[in-house]
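Worksheet for the structure shown next.
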Amino acid sequence: MIVLTSDRSSDIAQRSDDTGSLWVRVDQLKQATGWQLKPEGVCLGEICVPLFEPEREAWIADADDWVWFCYSAFADKIGQKHVRDGDVWSLGSVPEVRRLGLESGLAPDFEMTDRSGDTVRLSDLRGRKVVLFTWASW
Amino acid sequence: MNLPVWQELYESIGPDRFELISVAEDSQGEAAAGKWFDKATPTYRCIVDPTHRISSLFGWVNVPSGAWIDEDGRIVRSNEGVFPDETTINFGLGRVRLGNDAFAHATRDWIERGPDSEFVWSAEELAAHLKPVDDDTLLAEPTFKLALHFESLGDSERALRHFDAAQHLAPDNWNYHRQGWTHKGTVYAALQVLKKSTYLKKNTDKNYYDPMELPGENHRRFTEPEWFWTPAVNALKRLLRRQPSTA
């Protein structure tokens, strides 16, 4: 199963019983979505979303000798859009991340590799002015 | 493409004074964008972004788009249509002319004068320029990513289906339109751009690019491309005008 997010494509395990929902093995959750299960809830960086008991019961399950998390149900809770075609799931932006970014006025951080093979991390360029622009060949 | 003009601007302002980052939003990646970068021999940072990640992050819906980011990491200006000079793009059946040097002058002013530049936006001005994001727009993003994924696998049927869905969900996103149309060829894409932009101009108050609100922005090339056709296309158009359809 493939999970696409804004910055990655992850080939991860799939539950043998296809429930129609996106179940992600807990040990692959961070790799595939960026989120992690913690005692305080489901966390992405500084953001933690608490899981209440009914959700914990419904969204965490044992199957195929692994522990799984129902990510599509969690995504619905936080308003993250998702689309599926076959065994490929594509996840949209996390609205809370977008909201916090807008409120702070800070440019969204990114880390990408440039054509020279060097890592470009926007936050590393603090202290300098940056002009960023897009273009396309099409 | 105006990458060499950016290089001239980068050198004349001074590479020690700012970082210039150029991002190619091309689903075909290096195969499509590489030759343009190579031709410009840029010394600024060049990134190929086949999944349009930067446009998604910054909420940009057309190319070129750009932002000024200050020393504290704050966006102090974000615009569409950021051509550094008058730009002509050839597409086989004709050419399109856009832009002038107003954005380059403003960029130089900001690099030199920082927050004292008259072109810097306040946080309120920046917020006022952000595109509205509704449920459909949010859903369009993963749908477009799905299209790019299938395109990269060579699954044209599924790629086109999701490109089409993304275009319907976010009809004002030219990146989704143009990248999707390009899957059927560059001439097809150019004609679709002409068709849609002509329709919008005639029937709505929408522009191809949002105005940049800069001095010198007194030409419609800032918001609308100017189209010029080859002599053969002009001759064909004249011929078609003389022979109205009897259907």
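For the structure tokens, the naming scheme is as follows: chains receive sequential letters (A, B, ...) according to their order of presentation, residues are indexed from 1 within each chain, and ligands are indexed from 1 in presentation order.
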Residues of chain B within 6 Å of chain A: nearest atom pair and distance (Å, one decimal) for each, counting only C-alpha atoms, sorted by chain and number, as a Markdown table?
```
| residue | atom | partner | partner_atom | distance |
| --- | --- | --- | --- | --- |
| B:Phe18 | CA | A:Lys129 | CA | 4.8 |
| B:Glu19 | CA | A:Val130 | CA | 4.7 |
| B:Leu20 | CA | A:Val131 | CA | 4.9 |
| B:Ile21 | CA | A:Leu132 | CA | 4.8 |
| B:Ser22 | CA | A:Phe133 | CA | 5.3 |
| B:Val23 | CA | A:Thr134 | CA | 4.6 |
| B:Ala24 | CA | A:Trp135 | CA | 5.1 |
| B:Glu25 | CA | A:Ala136 | CA | 5.1 |
| B:Asp26 | CA | A:Ala136 | CA | 5.7 |
| B:Ala33 | CA | A:Ser137 | CA | 5.9 |
| B:Cys46 | CA | A:Asp114 | CA | 5.5 |
| B:Ile47 | CA | A:Asp114 | CA | 4.5 |
| B:Val63 | CA | A:Trp135 | CA | 5.0 |
| B:Pro64 | CA | A:Trp135 | CA | 4.6 |
| B:Ser65 | CA | A:Thr134 | CA | 5.4 |
| B:Gly66 | CA | A:Phe133 | CA | 4.0 |
| B:Ala67 | CA | A:Leu132 | CA | 5.3 |
| B:Trp68 | CA | A:Val131 | CA | 4.8 |
| B:Ile69 | CA | A:Val130 | CA | 5.0 |
| B:Asp70 | CA | A:Lys129 | CA | 4.8 |
| B:Glu71 | CA | A:Gly127 | CA | 4.2 |
| B:Asp72 | CA | A:Arg126 | CA | 5.8 |
| B:Gly73 | CA | A:Leu106 | CA | 5.6 |
| B:Arg74 | CA | A:Leu106 | CA | 4.3 |
| B:Ile75 | CA | A:Ala107 | CA | 5.4 |
| B:Leu139 | CA | A:Lys81 | CA | 5.4 |
| B:Glu141 | CA | A:Gly92 | CA | 5.8 |
| B:Pro142 | CA | A:Gly92 | CA | 4.7 |
| B:Leu146 | CA | A:Ser90 | CA | 6.0 |
```
Export, as a CSV table (one decimal), in the first residue's frame, the selected residues with N, CA and C atoms.
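Done, and the output landed in again_12.csv:
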```csv
chain,number,residue,atom,x,y,z
B,18,PHE,N,21.6,38.1,-0.3
B,18,PHE,CA,20.3,37.4,-0.2
B,18,PHE,C,20.5,36.0,-0.8
B,19,GLU,N,19.5,35.1,-0.5
B,19,GLU,CA,19.4,33.8,-1.1
B,19,GLU,C,18.4,33.8,-2.1
B,20,LEU,N,18.7,33.3,-3.3
B,20,LEU,CA,17.7,33.2,-4.4
B,20,LEU,C,17.4,31.7,-4.6
B,21,ILE,N,16.2,31.3,-4.5
B,21,ILE,CA,15.8,29.9,-4.7
B,21,ILE,C,14.8,29.8,-5.8
B,22,SER,N,15.2,29.0,-6.8
B,22,SER,CA,14.3,28.8,-8.0
B,22,SER,C,13.7,27.4,-7.9
B,23,VAL,N,12.4,27.3,-8.0
B,23,VAL,CA,11.8,25.9,-7.9
B,23,VAL,C,11.0,25.6,-9.1
B,24,ALA,N,11.3,24.5,-9.8
B,24,ALA,CA,10.6,24.1,-11.0
B,24,ALA,C,9.5,23.2,-10.6
B,25,GLU,N,8.3,23.6,-10.9
B,25,GLU,CA,7.1,22.8,-10.6
B,25,GLU,C,6.8,21.9,-11.8
B,26,ASP,N,7.5,20.9,-12.0
B,26,ASP,CA,7.3,20.0,-13.2
B,26,ASP,C,7.2,18.6,-12.8
B,33,ALA,N,12.7,20.0,-16.6
B,33,ALA,CA,13.2,21.3,-16.1
B,33,ALA,C,14.7,21.5,-16.3
B,46,CYS,N,18.8,25.9,-7.1
B,46,CYS,CA,17.8,25.4,-8.0
B,46,CYS,C,17.2,24.1,-7.5
B,47,ILE,N,15.9,24.0,-7.4
B,47,ILE,CA,15.2,22.8,-6.9
B,47,ILE,C,14.2,22.3,-8.0
B,63,VAL,N,2.2,29.7,-12.0
B,63,VAL,CA,3.6,30.0,-12.1
B,63,VAL,C,3.8,31.2,-13.1
B,64,PRO,N,4.8,32.0,-12.9
B,64,PRO,CA,5.7,32.0,-11.7
B,64,PRO,C,4.9,32.7,-10.5
B,65,SER,N,5.3,32.2,-9.3
B,65,SER,CA,4.8,32.9,-8.1
B,65,SER,C,6.1,33.0,-7.2
B,66,GLY,N,6.0,33.9,-6.3
B,66,GLY,CA,7.2,34.1,-5.5
B,66,GLY,C,6.9,34.8,-4.2
B,67,ALA,N,7.9,34.7,-3.3
B,67,ALA,CA,7.7,35.3,-1.9
B,67,ALA,C,9.1,35.9,-1.5
B,68,TRP,N,9.0,37.0,-0.8
B,68,TRP,CA,10.1,37.6,-0.1
B,68,TRP,C,10.0,37.1,1.3
B,69,ILE,N,11.1,36.5,1.9
B,69,ILE,CA,11.1,36.0,3.3
B,69,ILE,C,12.2,36.8,4.0
B,70,ASP,N,11.9,37.4,5.1
B,70,ASP,CA,12.9,38.3,5.7
B,70,ASP,C,13.8,37.4,6.6
B,71,GLU,N,14.7,38.1,7.3
B,71,GLU,CA,15.7,37.5,8.1
B,71,GLU,C,15.2,36.6,9.3
B,72,ASP,N,13.9,37.0,9.7
B,72,ASP,CA,13.3,36.2,10.8
B,72,ASP,C,12.4,35.1,10.2
B,73,GLY,N,12.4,34.9,8.9
B,73,GLY,CA,11.6,33.8,8.4
B,73,GLY,C,10.2,34.2,8.1
B,74,ARG,N,9.9,35.5,8.1
B,74,ARG,CA,8.5,35.9,7.9
B,74,ARG,C,8.3,36.3,6.4
B,75,ILE,N,7.2,35.9,5.9
B,75,ILE,CA,6.8,36.3,4.5
B,75,ILE,C,6.4,37.8,4.5
B,139,LEU,N,-9.6,19.3,-0.7
B,139,LEU,CA,-9.6,18.0,-1.3
B,139,LEU,C,-8.9,17.9,-2.6
B,141,GLU,N,-6.1,19.1,-3.4
B,141,GLU,CA,-4.6,18.9,-3.2
B,141,GLU,C,-4.2,17.4,-3.2
B,142,PRO,N,-4.8,16.6,-2.4
B,142,PRO,CA,-4.4,15.2,-2.4
B,142,PRO,C,-4.9,14.5,-3.7
B,146,LEU,N,-2.4,12.5,-6.2
B,146,LEU,CA,-2.8,11.2,-6.7
B,146,LEU,C,-2.5,11.1,-8.3
```
Taking the DSSP assignment computed from this structure's backbone, write out as a short mmCIF file (atom, residue, chain, number, x, y, z; two decimals) with N, CA and C atoms, in the first residue's frame all residues of range 2-138 of chain A that belong to helix (DSSP H, G or I).
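Just written: out_33.cif:
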```
data_model
loop_
_atom_site.label_atom_id
_atom_site.label_comp_id
_atom_site.auth_asym_id
_atom_site.auth_seq_id
_atom_site.Cartn_x
_atom_site.Cartn_y
_atom_site.Cartn_z
N VAL A 26 1.25 0.78 13.58
CA VAL A 26 1.71 1.84 14.48
C VAL A 26 3.20 2.12 14.32
N ASP A 27 3.98 1.09 14.07
CA ASP A 27 5.42 1.30 13.92
C ASP A 27 5.77 2.00 12.60
N GLN A 28 4.79 2.08 11.67
CA GLN A 28 5.05 2.76 10.39
C GLN A 28 4.30 4.10 10.29
N LEU A 29 3.61 4.45 11.38
CA LEU A 29 2.74 5.64 11.35
C LEU A 29 3.53 6.92 11.08
N LYS A 30 4.63 7.10 11.80
CA LYS A 30 5.41 8.34 11.63
C LYS A 30 6.02 8.42 10.24
N GLN A 31 6.55 7.30 9.79
CA GLN A 31 7.15 7.25 8.46
C GLN A 31 6.14 7.63 7.37
N ALA A 32 4.91 7.12 7.52
CA ALA A 32 3.92 7.30 6.46
C ALA A 32 3.18 8.63 6.56
N THR A 33 2.93 9.11 7.78
CA THR A 33 2.06 10.29 7.93
C THR A 33 2.72 11.45 8.67
N GLU A 53 -11.50 7.78 24.90
CA GLU A 53 -11.58 6.32 25.06
C GLU A 53 -12.33 5.62 23.91
N PRO A 54 -13.49 6.15 23.50
CA PRO A 54 -14.17 5.44 22.40
C PRO A 54 -13.32 5.42 21.13
N GLU A 55 -12.61 6.52 20.89
CA GLU A 55 -11.76 6.59 19.68
C GLU A 55 -10.60 5.60 19.82
N ARG A 56 -9.99 5.63 20.99
CA ARG A 56 -8.85 4.73 21.24
C ARG A 56 -9.27 3.27 20.99
N GLU A 57 -10.48 2.97 21.45
CA GLU A 57 -10.98 1.59 21.31
C GLU A 57 -11.25 1.24 19.85
N ALA A 58 -11.81 2.24 19.12
CA ALA A 58 -12.21 1.96 17.73
C ALA A 58 -11.04 2.07 16.75
N TRP A 59 -10.06 2.91 17.07
CA TRP A 59 -9.04 3.24 16.06
C TRP A 59 -7.72 2.50 16.28
N TYR A 71 -5.94 5.49 10.49
CA TYR A 71 -5.54 6.87 10.21
C TYR A 71 -6.65 7.65 9.49
N SER A 72 -7.42 7.01 8.61
CA SER A 72 -8.44 7.77 7.88
C SER A 72 -9.50 8.32 8.83
N ALA A 73 -9.83 7.57 9.89
CA ALA A 73 -10.79 8.09 10.88
C ALA A 73 -10.19 9.28 11.63
N PHE A 74 -8.91 9.16 11.97
CA PHE A 74 -8.23 10.27 12.65
C PHE A 74 -8.16 11.49 11.72
N ALA A 75 -7.86 11.26 10.44
CA ALA A 75 -7.78 12.37 9.47
C ALA A 75 -9.13 13.08 9.38
N ASP A 76 -10.22 12.31 9.40
CA ASP A 76 -11.56 12.93 9.38
C ASP A 76 -11.75 13.81 10.61
N LYS A 77 -11.26 13.34 11.75
CA LYS A 77 -11.42 14.11 12.99
C LYS A 77 -10.70 15.46 12.91
N ILE A 78 -9.51 15.48 12.31
CA ILE A 78 -8.74 16.73 12.27
C ILE A 78 -8.98 17.51 10.98
N PRO A 95 -4.99 20.79 8.40
CA PRO A 95 -5.52 22.15 8.60
C PRO A 95 -4.90 22.88 9.79
N GLU A 96 -4.60 22.16 10.88
CA GLU A 96 -4.03 22.82 12.06
C GLU A 96 -2.63 23.37 11.76
N VAL A 97 -1.88 22.64 10.97
CA VAL A 97 -0.53 23.12 10.60
C VAL A 97 -0.66 24.38 9.75
N ARG A 98 -1.61 24.35 8.81
CA ARG A 98 -1.84 25.51 7.95
C ARG A 98 -2.28 26.72 8.79
N ARG A 99 -3.19 26.49 9.74
CA ARG A 99 -3.71 27.58 10.57
C ARG A 99 -2.59 28.20 11.42
N LEU A 100 -1.79 27.35 12.05
CA LEU A 100 -0.70 27.86 12.89
C LEU A 100 0.31 28.66 12.06
N GLY A 101 0.55 28.18 10.84
CA GLY A 101 1.48 28.88 9.96
C GLY A 101 0.96 30.26 9.60
N LEU A 102 -0.34 30.34 9.27
CA LEU A 102 -0.92 31.62 8.90
C LEU A 102 -0.88 32.60 10.07
N GLU A 103 -1.18 32.09 11.26
CA GLU A 103 -1.21 32.96 12.44
C GLU A 103 0.19 33.50 12.76
N SER A 104 1.20 32.68 12.55
CA SER A 104 2.56 33.10 12.91
C SER A 104 3.15 34.05 11.89
N LEU A 122 14.67 25.72 4.58
CA LEU A 122 14.40 27.16 4.65
C LEU A 122 14.78 27.73 6.01
N SER A 123 14.47 27.00 7.09
CA SER A 123 14.74 27.53 8.43
C SER A 123 16.25 27.71 8.68
N ASP A 124 17.08 27.00 7.91
CA ASP A 124 18.54 27.18 8.05
C ASP A 124 19.01 28.52 7.49
N LEU A 125 18.14 29.17 6.72
CA LEU A 125 18.54 30.42 6.07
C LEU A 125 18.14 31.65 6.88
#
```
Report as a PyMOL selection string all protein, DNA and RNA residues lying within 10 Å of Gly94 in chain B, evaluated on only C-alpha atoms, omitting residues in the same chain fewer than 5 positions from it. chain B and resi 89+187+190+227-234
Residues from the last selection, N, CA and C atoms, saved as a short mmCIF file (atom, residue, chain, number, x, y, z; two decimals), in the first residue's frame:
```cif
data_model
loop_
_atom_site.label_atom_id
_atom_site.label_comp_id
_atom_site.auth_asym_id
_atom_site.auth_seq_id
_atom_site.Cartn_x
_atom_site.Cartn_y
_atom_site.Cartn_z
N ILE B 89 7.13 33.47 -24.39
CA ILE B 89 7.17 32.00 -24.38
C ILE B 89 6.62 31.49 -25.70
N VAL B 187 1.02 21.73 -26.82
CA VAL B 187 0.17 22.56 -27.68
C VAL B 187 -1.27 22.47 -27.18
N ALA B 190 -1.50 24.68 -24.18
CA ALA B 190 -1.51 26.11 -24.51
C ALA B 190 -2.89 26.54 -25.01
N TRP B 227 -1.30 37.14 -26.60
CA TRP B 227 -1.07 36.01 -27.51
C TRP B 227 -0.75 36.52 -28.90
N PHE B 228 0.22 35.90 -29.54
CA PHE B 228 0.58 36.21 -30.93
C PHE B 228 0.66 34.87 -31.68
N TRP B 229 0.13 34.88 -32.90
CA TRP B 229 0.08 33.62 -33.66
C TRP B 229 1.08 33.62 -34.80
N THR B 230 1.46 32.44 -35.24
CA THR B 230 2.34 32.33 -36.41
C THR B 230 1.55 32.77 -37.65
N PRO B 231 2.23 33.19 -38.73
CA PRO B 231 1.52 33.59 -39.96
C PRO B 231 0.58 32.50 -40.45
N ALA B 232 0.97 31.25 -40.33
CA ALA B 232 0.13 30.14 -40.82
C ALA B 232 -1.19 30.08 -40.02
N VAL B 233 -1.10 30.26 -38.72
CA VAL B 233 -2.32 30.22 -37.90
C VAL B 233 -3.21 31.42 -38.22
N ASN B 234 -2.59 32.60 -38.41
CA ASN B 234 -3.37 33.80 -38.76
C ASN B 234 -4.09 33.60 -40.09
#
```
What's the 12 Å shell around Glu226 in chain B, counting only C-alpha atoms, without same-chain residues fewer than 3 positions away, as an NGL selection string? :B and (86-90 or 94-99 or 193-194 or 197-198 or 208 or 219-223 or 229)
In Å, how far is it from CA of Glu157 in chain B to CA of Ala189 in chain B? 17.3 Å
Which residue out of A:Met1, A:Val49, A:Leu22, A:Ile12 has the minimum interatomic distance to Leu37 in chain A when only C-alpha atoms are used? A:Val49
For a test of reading the model, state the distance in Å between CA of Pro50 in chain B and CA of Thr143 in chain B, rounded to one decimal.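 Going from CA of Pro50 in chain B over to CA of Thr143 in chain B covers 14.9 Å.
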Selection near Ser27 in chain B, 8 Å with only C-alpha atoms, sequence-local residues under 5 positions removed, as JSON, numbers by chain: {"B": [49, 50, 51, 52, 148, 152, 179]}
Can you tell me, as a list in words, which residues in range 78-131 of chain A count as strand (DSSP E) by DSSP?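 Of range 78-131 of chain A, the ones in strand (DSSP E) are His82, Val83, Arg84, Asp85, Val88, Trp89, Ser90, Leu91, Glu111, Met112, Thr113, Thr119, Val120, Arg121, Lys129, Val130 and Val131 of chain A.
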Requested write-out: N, CA and C atoms of the selected residues, as a PDB file, in the first residue's frame:
```pdb
ATOM      1  N   HIS A  82      -8.542  13.201   2.392  1.00  0.00           N
ATOM      2  CA  HIS A  82      -7.823  12.049   1.845  1.00  0.00           C
ATOM      3  C   HIS A  82      -8.601  11.452   0.691  1.00  0.00           C
ATOM      4  N   VAL A  83      -7.846  10.910  -0.276  1.00  0.00           N
ATOM      5  CA  VAL A  83      -8.439  10.302  -1.467  1.00  0.00           C
ATOM      6  C   VAL A  83      -7.770   8.955  -1.680  1.00  0.00           C
ATOM      7  N   ARG A  84      -8.548   7.988  -2.124  1.00  0.00           N
ATOM      8  CA  ARG A  84      -7.995   6.650  -2.343  1.00  0.00           C
ATOM      9  C   ARG A  84      -8.267   6.186  -3.766  1.00  0.00           C
ATOM     10  N   ASP A  85      -7.294   5.541  -4.369  1.00  0.00           N
ATOM     11  CA  ASP A  85      -7.513   4.849  -5.632  1.00  0.00           C
ATOM     12  C   ASP A  85      -6.761   3.523  -5.520  1.00  0.00           C
ATOM     13  N   VAL A  88      -3.549   2.957  -3.242  1.00  0.00           N
ATOM     14  CA  VAL A  88      -2.835   4.228  -3.051  1.00  0.00           C
ATOM     15  C   VAL A  88      -3.745   5.207  -2.310  1.00  0.00           C
ATOM     16  N   TRP A  89      -3.252   5.726  -1.193  1.00  0.00           N
ATOM     17  CA  TRP A  89      -3.956   6.750  -0.419  1.00  0.00           C
ATOM     18  C   TRP A  89      -3.176   8.041  -0.523  1.00  0.00           C
ATOM     19  N   SER A  90      -3.890   9.137  -0.757  1.00  0.00           N
ATOM     20  CA  SER A  90      -3.234  10.444  -0.829  1.00  0.00           C
ATOM     21  C   SER A  90      -3.829  11.346   0.255  1.00  0.00           C
ATOM     22  N   LEU A  91      -2.953  11.923   1.069  1.00  0.00           N
ATOM     23  CA  LEU A  91      -3.390  12.754   2.197  1.00  0.00           C
ATOM     24  C   LEU A  91      -3.123  14.226   1.907  1.00  0.00           C
ATOM     25  N   GLU A 111      12.293  21.120   3.532  1.00  0.00           N
ATOM     26  CA  GLU A 111      13.641  20.580   3.336  1.00  0.00           C
ATOM     27  C   GLU A 111      13.626  19.805   2.038  1.00  0.00           C
ATOM     28  N   MET A 112      14.407  20.252   1.092  1.00  0.00           N
ATOM     29  CA  MET A 112      14.455  19.587  -0.207  1.00  0.00           C
ATOM     30  C   MET A 112      15.913  19.531  -0.677  1.00  0.00           C
ATOM     31  N   THR A 113      16.157  18.684  -1.648  1.00  0.00           N
ATOM     32  CA  THR A 113      17.507  18.572  -2.194  1.00  0.00           C
ATOM     33  C   THR A 113      17.584  19.388  -3.473  1.00  0.00           C
ATOM     34  N   THR A 119      21.231  19.824   0.621  1.00  0.00           N
ATOM     35  CA  THR A 119      19.942  19.981   1.285  1.00  0.00           C
ATOM     36  C   THR A 119      19.641  21.464   1.460  1.00  0.00           C
ATOM     37  N   VAL A 120      18.429  21.844   1.070  1.00  0.00           N
ATOM     38  CA  VAL A 120      17.980  23.226   1.286  1.00  0.00           C
ATOM     39  C   VAL A 120      16.874  23.176   2.331  1.00  0.00           C
ATOM     40  N   ARG A 121      17.158  23.708   3.517  1.00  0.00           N
ATOM     41  CA  ARG A 121      16.135  23.786   4.571  1.00  0.00           C
ATOM     42  C   ARG A 121      15.894  25.267   4.829  1.00  0.00           C
ATOM     43  N   LYS A 129      18.014  37.349   3.905  1.00  0.00           N
ATOM     44  CA  LYS A 129      16.799  37.531   3.105  1.00  0.00           C
ATOM     45  C   LYS A 129      16.731  36.394   2.079  1.00  0.00           C
ATOM     46  N   VAL A 130      15.514  35.956   1.801  1.00  0.00           N
ATOM     47  CA  VAL A 130      15.323  34.887   0.817  1.00  0.00           C
ATOM     48  C   VAL A 130      14.283  35.335  -0.209  1.00  0.00           C
ATOM     49  N   VAL A 131      14.613  35.174  -1.475  1.00  0.00           N
ATOM     50  CA  VAL A 131      13.620  35.329  -2.541  1.00  0.00           C
ATOM     51  C   VAL A 131      13.388  33.935  -3.111  1.00  0.00           C
TER      52      VAL A 131
END
```
Which one of A:Asp17, A:Asp65, A:Glu46, A:Asp87 sits closest to Gly34 in chain A if you count only C-alpha atoms?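 Checking each of A:Asp17, A:Asp65, A:Glu46, A:Asp87 against Gly34 in chain A, counting only C-alpha atoms, the winner is A:Glu46.
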Which is closer to Met212 in chain B than all the others in B:Asp135, B:Glu112, B:Asp101, B:Glu80, using only C-alpha atoms?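 For Met212 in chain B, the nearest of the given residues is B:Glu80.
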